[in-house]
Amino acid sequence: MNELILKLPLIFFIISFSIFLVNYFKDSRSLVVGFELLVSLIFLGFYLTLLVFKYENIPYVVNIAIFLAIIFIILIFILMISLLIVLFTSGIKLIKREGLRLSHMLSLGLGVSYILYIIIWPIFFDLTKDSIFNSIYYALNSIIFYITFLMTMFVLTLFINLIPKKKNYNYIITLGAGLIKDEPTPLLKARIDKAIKKYNKNKNSKIIMSGGQGADEIVSEALAMKNYAIKKGVAEKDIILEDKSTNTDENIKYSYEIINDIENKNVNILVVTSYYHVLRALIIAKKQGVKCDGSGSMTKFYYALNAIIREFIGYLYIKRKTHIKFILFICFLTLFPMILQIIQK
């Protein structure tokens with residue numbers, strides 16, 4: 001085998017993985033980072049495949065490669081089936097425990113859509129075959145693949161941003177998540193506990209408790225969070241209250257304003273929230289020009305899966321202009337042959 005052909009995928013892997021690492025440490029708050037990691041892994045897989053062909057004469061090399069490929073395919077199949085099962089089981093469990101709401105039906109709805117796409121959707125191809133509507137079918141199919149790809153990149157980028165970075169953080173912004181009377185909810189307690197762990201690891205750091213007072217709350221979330229943290233051993237002097245915000249945008253905005261009022265030099269900021277919410281919070285911060293990293297607290301899996309889908313929908317809304325343009329471009333490419341047919345007739 002030509003050595004250049006063998007080395008090219010390795011060179012592309014090194015280049016793409018280097019770009020990924022640079023962007024990861026520079027600013028990982030973009031789905032582009034997830035895409036860069038995926039591309040580098042594809043090049044690595046291609047390189048390993050070529051290695052097998054190069055050393056195919058060595059005993060058992062091909063057999064081992066075939067065995068590993070079969071295992072990989074089986075794992076992909078198991079993953080797809082497992083995902084379907086988990087979507088249904090977690091969706092049903094969430095509705096049973098948290099109540100029937102539209103926002104609680106996302107994982108169940110995705111599971112149903114998954115089945116409909118596999119079983120029902122191919123029927124439409126047969127119905128539209130050899131007709132002008134076939135282009136519409138391909139356009140819709142391309143949009144479905146695009147949204148699926150985006151969601152895959154969203155989840156991959158989310159987990160990339162959960163990898164801790166070795167920094168000394170000056171401010172730890174903790175995002176609110178509701179109260180029960182004047183006590184933080186279990187979800188919010190998990191966030192505060194995570195913030196306290198980060199606080200203990202970062203000398204001279206300050207925790208900003210961010211959350212206003214809702215219409216049904218007797219105190220602000222920030223104050224309840226502060227009281228809980230003090231009980232956990234955090235010094236009161238190291239806690240700063242931000243009690244005006246009502247959503248994530250305001251959490252970041254008002255907390256950053258407080259930091260700027262205290263000092264105008266460059267500081268390292270860490271945003272602590274539930275792990276499924278980390279990426280969207282960081283994207284919002286990036287949109288506001290706030291440089292920060294994220295850290296996520298754990299929560300119940302049946303709740304988190306539905307929440308990740310909700311977060312992805314939130315991401316699509318934030319980036320709606322970009323993705324609408326891309327979807328329109330996809331529609332143009334797939335519908336163009338149909339338009340030409342109509343014009344020619």
# chains A, B, ... in the order shown; residues from 1 in each chain; ligands from 1
>>> residues_around(residues="A:Ile207", least_positions_apart="4", cutoff="8 Å", atoms="only C-alpha atoms", output="ChimeraX atom specification")
/A:171-174,195,199,238-240
>>> closest_atom_pairs(of="stretch 100-165 of chain A", to="stretch 320-324 of chain A", cutoff="10 Å", atoms="only C-alpha atoms", output="JSON lines")
{"residue": "A:Tyr146", "atom": "CA", "partner": "A:His323", "partner_atom": "CA", "distance": 9.5}
{"residue": "A:Ile147", "atom": "CA", "partner": "A:His323", "partner_atom": "CA", "distance": 9.2}
{"residue": "A:Leu150", "atom": "CA", "partner": "A:His323", "partner_atom": "CA", "distance": 9.6}
>>> closest_residue(among="A:Ile120, A:Leu8, A:Leu282, A:Lys189", to="A:Thr299", atoms="only C-alpha atoms")
A:Lys189
>>> closest_residue(among="A:Tyr315, A:Tyr228, A:Tyr275, A:Phe43", to="A:Ile163", atoms="only C-alpha atoms")
A:Tyr275
>>> residues_around(residues="A:Pro9", least_positions_apart="2", cutoff="10 Å", atoms="only C-alpha atoms", output="list in words")
Leu4, Ile5, Leu6, Lys7, Ile11, Phe12, Phe13, Ile14, Ile15, Ser40, Ile42, Phe43, Leu44, Gly45, Phe46, Tyr47, Leu48 and Leu50 of chain A
>>> residues_around(residues="A:Thr246", least_positions_apart="6", cutoff="10 Å", atoms="only C-alpha atoms", output="PyMOL selection string")
chain A and resi 176+210-214+221
>>> write_last_selection(atoms="N, CA, C and O atoms", output="mmCIF file, in the first residue's frame")
data_model
loop_
_atom_site.group_PDB
_atom_site.id
_atom_site.type_symbol
_atom_site.label_atom_id
_atom_site.label_comp_id
_atom_site.auth_asym_id
_atom_site.auth_seq_id
_atom_site.Cartn_x
_atom_site.Cartn_y
_atom_site.Cartn_z
ATOM 1 N N GLY A 176 -30.264 29.425 39.909
ATOM 2 C CA GLY A 176 -31.417 28.996 40.698
ATOM 3 C C GLY A 176 -32.263 27.955 39.979
ATOM 4 O O GLY A 176 -32.192 27.798 38.760
ATOM 5 N N SER A 210 -27.606 33.027 42.256
ATOM 6 C CA SER A 210 -28.388 33.785 41.276
ATOM 7 C C SER A 210 -29.809 33.239 41.141
ATOM 8 O O SER A 210 -30.007 32.093 40.728
ATOM 9 N N GLY A 211 -30.781 34.074 41.498
ATOM 10 C CA GLY A 211 -32.191 33.674 41.374
ATOM 11 C C GLY A 211 -33.097 34.652 42.084
ATOM 12 O O GLY A 211 -32.892 34.966 43.263
ATOM 13 N N GLY A 212 -34.098 35.152 41.372
ATOM 14 C CA GLY A 212 -35.028 36.118 41.961
ATOM 15 C C GLY A 212 -36.144 35.426 42.728
ATOM 16 O O GLY A 212 -36.132 34.216 42.955
ATOM 17 N N GLN A 213 -37.114 36.233 43.125
ATOM 18 C CA GLN A 213 -38.256 35.725 43.889
ATOM 19 C C GLN A 213 -39.466 35.581 42.974
ATOM 20 O O GLN A 213 -39.958 36.554 42.414
ATOM 21 N N GLY A 214 -39.946 34.344 42.825
ATOM 22 C CA GLY A 214 -41.113 34.096 42.001
ATOM 23 C C GLY A 214 -42.389 34.521 42.692
ATOM 24 O O GLY A 214 -42.410 34.798 43.906
ATOM 25 N N GLU A 221 -34.790 33.089 45.522
ATOM 26 C CA GLU A 221 -34.000 31.866 45.413
ATOM 27 C C GLU A 221 -32.582 32.114 45.913
ATOM 28 O O GLU A 221 -31.980 31.249 46.554
#
>>> residues_around(residues="A:Tyr256", least_positions_apart="2", cutoff="10 Å", atoms="only C-alpha atoms", output="short mmCIF file (atom, residue, chain, number, x, y, z; two decimals) with N, CA and C atoms, in the first residue's frame")
data_model
loop_
_atom_site.label_atom_id
_atom_site.label_comp_id
_atom_site.auth_asym_id
_atom_site.auth_seq_id
_atom_site.Cartn_x
_atom_site.Cartn_y
_atom_site.Cartn_z
N TYR A 171 -14.92 33.47 40.51
CA TYR A 171 -16.36 33.57 40.80
C TYR A 171 -17.08 32.32 40.31
N ILE A 173 -20.78 31.19 39.64
CA ILE A 173 -22.18 31.59 39.50
C ILE A 173 -23.05 30.34 39.58
N ILE A 208 -21.64 33.30 43.65
CA ILE A 208 -22.78 34.19 43.37
C ILE A 208 -24.02 33.33 43.28
N GLU A 242 -27.49 37.61 43.93
CA GLU A 242 -28.08 38.22 42.73
C GLU A 242 -29.54 37.78 42.75
N GLU A 250 -30.99 36.22 32.36
CA GLU A 250 -30.82 37.23 33.41
C GLU A 250 -29.86 36.75 34.49
N ASN A 251 -29.86 35.44 34.79
CA ASN A 251 -28.88 34.89 35.73
C ASN A 251 -27.47 35.30 35.34
N ILE A 252 -27.14 35.05 34.06
CA ILE A 252 -25.79 35.34 33.56
C ILE A 252 -25.56 36.85 33.51
N LYS A 253 -26.51 37.57 32.95
CA LYS A 253 -26.37 39.02 32.75
C LYS A 253 -26.16 39.76 34.07
N TYR A 254 -27.07 39.55 35.02
CA TYR A 254 -27.00 40.29 36.29
C TYR A 254 -25.81 39.86 37.14
N ILE A 258 -22.59 42.26 38.43
CA ILE A 258 -22.09 42.32 39.80
C ILE A 258 -20.57 42.15 39.82
N ILE A 259 -20.09 41.18 39.04
CA ILE A 259 -18.64 40.94 38.96
C ILE A 259 -17.92 42.18 38.43
N ASN A 260 -18.46 42.80 37.40
CA ASN A 260 -17.85 44.01 36.83
C ASN A 260 -17.86 45.17 37.80
N ASP A 261 -18.87 45.24 38.65
CA ASP A 261 -18.93 46.31 39.65
C ASP A 261 -17.87 46.12 40.72
N ILE A 262 -17.54 44.86 41.01
CA ILE A 262 -16.55 44.56 42.04
C ILE A 262 -15.14 44.79 41.52
N ILE A 269 -14.46 32.70 35.51
CA ILE A 269 -15.83 32.49 35.99
C ILE A 269 -16.27 31.07 35.68
N ALA A 285 -24.27 32.60 27.72
CA ALA A 285 -23.17 33.44 28.22
C ALA A 285 -22.30 33.94 27.07
N GLN A 288 -23.80 36.73 25.24
CA GLN A 288 -23.72 37.98 26.01
C GLN A 288 -22.29 38.50 26.12
N GLY A 289 -21.34 37.74 25.59
CA GLY A 289 -19.94 38.16 25.65
C GLY A 289 -19.27 37.84 26.97
N VAL A 290 -19.85 36.92 27.74
CA VAL A 290 -19.30 36.55 29.04
C VAL A 290 -18.43 35.30 28.88
N LYS A 291 -17.15 35.43 29.18
CA LYS A 291 -16.24 34.30 29.07
C LYS A 291 -16.31 33.48 30.35
#
>>> decode(residues="stretch 258-272 of chain A", atoms="N, CA and C atoms", output="short mmCIF file (atom, residue, chain, number, x, y, z; two decimals), in the first residue's frame")
data_model
loop_
_atom_site.label_atom_id
_atom_site.label_comp_id
_atom_site.auth_asym_id
_atom_site.auth_seq_id
_atom_site.Cartn_x
_atom_site.Cartn_y
_atom_site.Cartn_z
N ILE A 258 -22.59 42.26 38.43
CA ILE A 258 -22.09 42.32 39.80
C ILE A 258 -20.57 42.15 39.82
N ILE A 259 -20.09 41.18 39.04
CA ILE A 259 -18.64 40.94 38.96
C ILE A 259 -17.92 42.18 38.43
N ASN A 260 -18.46 42.80 37.40
CA ASN A 260 -17.85 44.01 36.83
C ASN A 260 -17.86 45.17 37.80
N ASP A 261 -18.87 45.24 38.65
CA ASP A 261 -18.93 46.31 39.65
C ASP A 261 -17.87 46.12 40.72
N ILE A 262 -17.54 44.86 41.01
CA ILE A 262 -16.55 44.56 42.04
C ILE A 262 -15.14 44.79 41.52
N GLU A 263 -14.84 44.31 40.32
CA GLU A 263 -13.52 44.47 39.73
C GLU A 263 -13.61 44.43 38.20
N ASN A 264 -12.83 45.25 37.56
CA ASN A 264 -12.89 45.34 36.10
C ASN A 264 -11.74 44.60 35.41
N LYS A 265 -11.00 43.81 36.16
CA LYS A 265 -9.91 43.03 35.55
C LYS A 265 -10.46 41.70 35.08
N ASN A 266 -9.68 41.00 34.26
CA ASN A 266 -10.09 39.69 33.78
C ASN A 266 -10.12 38.69 34.93
N VAL A 267 -11.22 37.97 35.03
CA VAL A 267 -11.37 36.96 36.08
C VAL A 267 -11.87 35.66 35.45
N ASN A 268 -11.62 34.57 36.14
CA ASN A 268 -12.12 33.27 35.69
C ASN A 268 -13.47 33.00 36.35
N ILE A 269 -14.46 32.70 35.51
CA ILE A 269 -15.83 32.49 35.99
C ILE A 269 -16.27 31.07 35.68
N LEU A 270 -16.92 30.46 36.64
CA LEU A 270 -17.49 29.13 36.47
C LEU A 270 -19.00 29.21 36.70
N VAL A 271 -19.77 28.69 35.77
CA VAL A 271 -21.23 28.64 35.91
C VAL A 271 -21.62 27.23 36.33
N VAL A 272 -22.32 27.13 37.45
CA VAL A 272 -22.76 25.83 37.96
C VAL A 272 -24.27 25.72 37.80
#
